[in-house]
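Have a look at the structure below, then the notes.
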Amino acid sequence: MTESSNSSDKVVKIGGNRNRSASGVLTRMPAALHQMREKAKSKLAPLLGRFFEQADDALFSLADQASNNHEQNAYFDSMRALRLSRKSTEDTFFATIDKGLAQLLDPALEQESEEVDESIDSLSLVGKEELEDLVAGESMMKRANEEFAEKIQHLNLRIDQLVPVKVYNENNPVGPAAICNAFFGTAAHNDLEIKARLVLYKLFDRTIMQALGGVYDQLNEMFVEANILPSLSSPTAKKKPRPSRAGGASASRGAELDEGAEQVLNSLRELMGSAQVSDETGSQVGQTGTVGANTLRSEDLLGLLTLAQRQAAPDQTAAVATPATPAQISTMLTELLQESGKGDNAINQVDADVINLVSMMFEFILDDRNLASSMKVLLGKLQIPLVKVAIADKTFFGKGGHPARRLLNEMATAALGWQELTEEKREKDALYQKVSVTVDRVLAEYEKNVDIFDELLLDFRGFQERDKRRAKILEQRTIDAEDGKARSQRARAEVDAALEEISAGHSVPQAAAELLSTAWANVLFVTCLKEGADSENFNQQIQTARQLIWSVTVDMTPEKRQKLLKLVPRLLTKLRTGLEEIAFNPYQMGKLFKSLEKLHLQVLRGQAPVEPAQAASHPEPQAEAPLVPAPASKAAQAEPTVAERVHREAIQERSTTPAVKPVQTEPTSQQSVSADAPVGEAAQETIDGQTLALVSNLSQGAWFEMTAATGESYRCRLAAIIKPTGKYIFVNRTGMKVAEKSKEELAISMRDGKIRLLDDGMLFDRALESVIGNLRQSRS
C-alpha cells in the first residue's frame, strides 16, 4: 500500500538503527518471555491471514455492488493495494510487537521511541478521516480491555515478573493497545477510500480483536507451566474499569501489581511446605525456634541483619567467599540476638522462609558456570542486603523491575564475558573494580532506603555504556577487516577462475603467462572488488586477457598476421593503461613489456616460442570487445579504507603465486577445493543434524567459553557471521578478535565441549527458576 503524506508522520518506525538495537535486546530476553513471543506470533499469524482473506472477499463484494464506476474502481484499487502490501504489513505488524517487548527489557529504547512513536492515543484530530481512525481504534481497545480484563491483568502481572519495567495494559506488547497500534501503524494508514477503511476496521475487530481472549488464555497457561505466578487469583480490582490516563489509575495499578507480586512469595512458601501464609500485616504464623518463644519483629530482624552486613565489610572478603547457608545465617543471628539481650526470641516463619529462599538463590549463583569465580565471590557479598530487601518488601520476588534485582542482573550480564584474572591484574581491571566498588557501596550504605540501588544502577549503566562504546569501535574495525578479507578472497577466486577458463587448452609462453599472473591478474582483482565480476569493465579486461593469449599462441597465416599487426599496438596500450591505474611497479612493467615484445616478434616471424608448447586450438579475439584504450583512473589516489588496505595486501600476496602457468595443469582453485573437500565431508559425517541446527540458529552477540589446545579457557562473543566465507568471528570484551571458525568447525567444537554457549539470561530470574525447580522436585 502507498502511505499518504498526512498519515506517514504517524506510522510507527520499525526499521533502521532502532530496530537493530531492539533485536539485540531481544537476544537477552528470559526463556519464558521468548516462549511467550513465539506463542503469540504463532497464534496471531493465522488470525492476521484470515483477516486479509476476508478483507479481499469483502472489498470485492463491495466493488460488485457499487453504484457507479468511480466507486467500483476505488474498491478495486483498495483490494489491489491490500494484496500488494500484505507481506510488508505482516512483517511490520510483528516487528511492532517485538519493539514493545524490547522496550520492556530496555527502558532506554522506550525513551528513544517516544520521539517518533505516535499511537492511536496521540493522533491529532486534523480531519474527518483521522477522527474515524481514532474512534475505531479506541472502540476496539476499550471493548477488548473490558471483555478480557481478567486475562489481560494476569498476563500483565506475569510479564511483569520477567522485565525491569512495570507492565500494564498500555505497554503490554501483546495487549489490545499494542495489537491495535500495530494494525493502525501499518494497514490502516493508506490511500484508501474512507468506506473501504471502515470495512477493514470492522473486519479487524471481528477477526482478530474479538479472538484475543483465546490467545491470552494460552499465553497464561504457558506461563503457569513455566511456574510464573501459577497460583494467581483474580484481582479484586478487575471489575472496576479504569481510565488509561486518569491520575488515580497509576496508584490502583500499582496496588494490583503489588498484590500479584506478593502472591509469588506465597507460592514459593507453599512449595517449601510452610503450613501457613502470613497475613497482610506480616504477623507471625510459625516460628523457627521453640514453641512459645517470643517472635522477633521484622524491623528488629532487619536491624540485626544490618549489623551482620557491616561485619561483611569490604575488607572482610574471606568471610563471604561462599554464600551463607540458612543454618549459618541462623547461627549468626542467634549470636547477635544473644549480644543484644534478645536470645529468647525466634524468627517468624515468613522471614525464615525468605532467608531460606535467598540463601538457595545464592547457592545457585555461586555454582553458576556462566560467571567467573572472582565475579561470583563479589556478587555473593550481596546475599545479606538482598535478604534485607526481601524481608522488608514481601513483593520482592514478584517484582521484575525492583532496583536491587536489576542491579544484580546488570552486573552479572556485564560480567558474563569477563575473563578470570590473577589478583594483580584484577586490581587494574576496570570492570572488576567497578563491580567491587558497587558491591562495597551496597554493604556500606544500604540500611532501609532502596534508592541506593537505583543510584548505583544508573551509575553502573553509565559505566557500561562507556565501556561498550570503546569496545564497539574496535569490534567494528575487526568486522570491517574480516569483511574486506572475505571480499578479497572471493574476488581472488573469481579472477583465478576467469583466467583458468580463458587459458584452458593453451600452452601460454612464459612471458605472457607471467604478465597475466603477476600483473594483469591484479588489474582484474581490483576491478572485481570495486565493480564486481559482472561489470562491463571487468568483462572488457577479461577480453583483453583473451586477446593477449591469442596473440602469443596463434598459428600464423597471412590473414592472421595482418590481424595481429593491428591488434598488438592497441593491446599494449590497454595493458599499459590498466597497469598504470593500479600503480603497478613501472620498472617491473617495463621488463614484462620487453619480454612480451620479443615474444610477439617471434610469433610474427613464425618462430616457435622458446618455451615448450602444447598443441592447442587458438580462438580469435571476440570482435565485440572495443579495442580503444580506456582513460587512466584516479580512483586509486583516494584515501584507502580499511577494506581497501586489506585488498592491497591481498594483491601483494597473490603476486607471488601465478594464476596462469606456462604449462597447463589442474586449476589452482580446483586443487584447493579438492584438498579441503575431505575435511568438510568428514565433518558432515561426524556432526549430527541437531548440532548443525544449533550453530545455524546462533544469534550475533551470544557469549561462549572456548577451550584452547593448551587447555586454557577464555570467553568471547559472536561478533559477526561473514556470509561470503561462512566464517564465525569471535571477539573478547574489548572488541578484539580472538577466534574465527567455519560452521563445521564450530559445530565440532561444540559437540566436543571445546566451545560452550553461555546462558545470558537474567541471573536473578535464572536463580529463582532453579530454586522453584528444586523445590518442586523435592516435593514430588
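Numbering starts fresh at 1 for the residues of each chain in the C-alpha cells, the chains themselves are lettered A, B, ... in the order given, and ligands are numbered from 1 as they appear.
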For Thr725 in chain A, list every protein, DNA or RNA residue within 12 Å, evaluated using only C-alpha atoms, and leave out those in the same chain fewer than 2 positions away; present the list as a list of chain:residue names.
A:Glu482, A:Asp483, A:Gly484, A:Lys485, A:Ala486, A:Arg487, A:Ser488, A:Gln489, A:Arg490, A:Ala491, A:Ala493, A:Ala720, A:Ile721, A:Ile722, A:Lys723, A:Lys727, A:Tyr728, A:Ile729, A:Glu740, A:Lys741, A:Ser742, A:Lys743
Show which residues sit within 9 Å of Asn227 in chain A, as a list in words. Count only C-alpha atoms, and ignore same-chain residues fewer than 3 positions away.
Met222, Phe223, Val224, Pro230, Ser231, Glu769, Ile772 and Gly773 of chain A
Put those residues in a file: N, CA and C atoms, as a JSON list (two decimals), in the first residue's frame.
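After the write, out-v7.json holds the following:
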```json
[["chain", "number", "residue", "atom", "x", "y", "z"],
["A", 222, "MET", "N", 0.72, -21.05, 29.33],
["A", 222, "MET", "CA", 2.15, -21.26, 29.10],
["A", 222, "MET", "C", 2.98, -20.75, 30.29],
["A", 223, "PHE", "N", 2.61, -19.59, 30.82],
["A", 223, "PHE", "CA", 3.32, -19.04, 31.97],
["A", 223, "PHE", "C", 3.11, -19.90, 33.22],
["A", 224, "VAL", "N", 1.92, -20.44, 33.38],
["A", 224, "VAL", "CA", 1.66, -21.33, 34.53],
["A", 224, "VAL", "C", 2.55, -22.55, 34.45],
["A", 230, "PRO", "N", 1.88, -19.26, 39.20],
["A", 230, "PRO", "CA", 0.92, -20.33, 38.89],
["A", 230, "PRO", "C", -0.36, -20.26, 39.70],
["A", 231, "SER", "N", -0.29, -19.70, 40.93],
["A", 231, "SER", "CA", -1.48, -19.67, 41.78],
["A", 231, "SER", "C", -2.18, -18.31, 41.76],
["A", 769, "GLU", "N", 14.26, -19.49, 39.05],
["A", 769, "GLU", "CA", 13.74, -20.65, 38.33],
["A", 769, "GLU", "C", 14.37, -21.95, 38.85],
["A", 772, "ILE", "N", 12.82, -22.81, 42.23],
["A", 772, "ILE", "CA", 11.47, -23.35, 42.03],
["A", 772, "ILE", "C", 11.55, -24.79, 41.54],
["A", 773, "GLY", "N", 12.43, -25.04, 40.59],
["A", 773, "GLY", "CA", 12.58, -26.41, 40.08],
["A", 773, "GLY", "C", 13.03, -27.38, 41.16]]
```
Let's see if you can do this: from backbone DSSP, list all helix (DSSP H, G or I) residues in range 311-405 of chain A, as a PyMOL selection string.
chain A and resi 311+317-320+326-340+349-367+373-380+383-392+396-398+403-405
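Reported to one decimal place, the separation of CA of Arg86 in chain A from CA of Asn69 in chain A is 25.6 Å.
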For Gln72 in chain A, list every protein, DNA or RNA residue within 12 Å, evaluated using only C-alpha atoms, and leave out those in the same chain fewer than 2 positions away; present the list as a ChimeraX atom specification.
/A:59-70,74-79,193,195-196
Pull the closest atom pair for each residue of range 28-99 of chain A that gets at most 12 Å from range 396-414 of chain A, along with the distance in Å to one decimal, counting only C-alpha atoms, ordering rows by chain and then ascending residue number, as a tab-separated table.
```
residue	atom	partner	partner_atom	distance
A:Arg28	CA	A:Thr413	CA	9.3
A:Met29	CA	A:Thr413	CA	11.8
A:Pro30	CA	A:Gly400	CA	11.3
```
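When CA of Gln349 in chain A is paired with CA of Glu363 in chain A, their separation reads 20.9 Å.
For the atom pair formed by CA of Arg461 in chain A and CA of Ala32 in chain A, the distance is 24.8 Å, given to one decimal.
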Counting only C-alpha atoms, which residues of range 400-511 of chain A sit at most 7 Å from some atom of range 372-383 of chain A, and what is each one's closest atom pair with its distance in Å to one decimal, listed by chain and rising residue number, as JSON lines?
```
{"residue": "A:Ala415", "atom": "CA", "partner": "A:Met375", "partner_atom": "CA", "distance": 6.9}
{"residue": "A:Trp418", "atom": "CA", "partner": "A:Ala372", "partner_atom": "CA", "distance": 7.0}
{"residue": "A:Gln419", "atom": "CA", "partner": "A:Ala372", "partner_atom": "CA", "distance": 6.7}
{"residue": "A:Glu420", "atom": "CA", "partner": "A:Ala372", "partner_atom": "CA", "distance": 5.7}
{"residue": "A:Ser436", "atom": "CA", "partner": "A:Leu378", "partner_atom": "CA", "distance": 6.3}
{"residue": "A:Val439", "atom": "CA", "partner": "A:Leu382", "partner_atom": "CA", "distance": 6.8}
```
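Minimum distance to Ile755 in chain A across A:Asn172, A:Thr553, A:Ser713, A:Asn522 (counting only C-alpha atoms) occurs at A:Ser713.
Closest to His34 in chain A among A:Glu712, A:Lys598, A:Gly761, A:Gln464 is A:Gly761, based on only C-alpha atoms.
Taking only C-alpha atoms into account, Lys202 in chain A lies nearest to A:Met140 out of the set A:Leu357, A:Met140, A:Val264, A:Val523.
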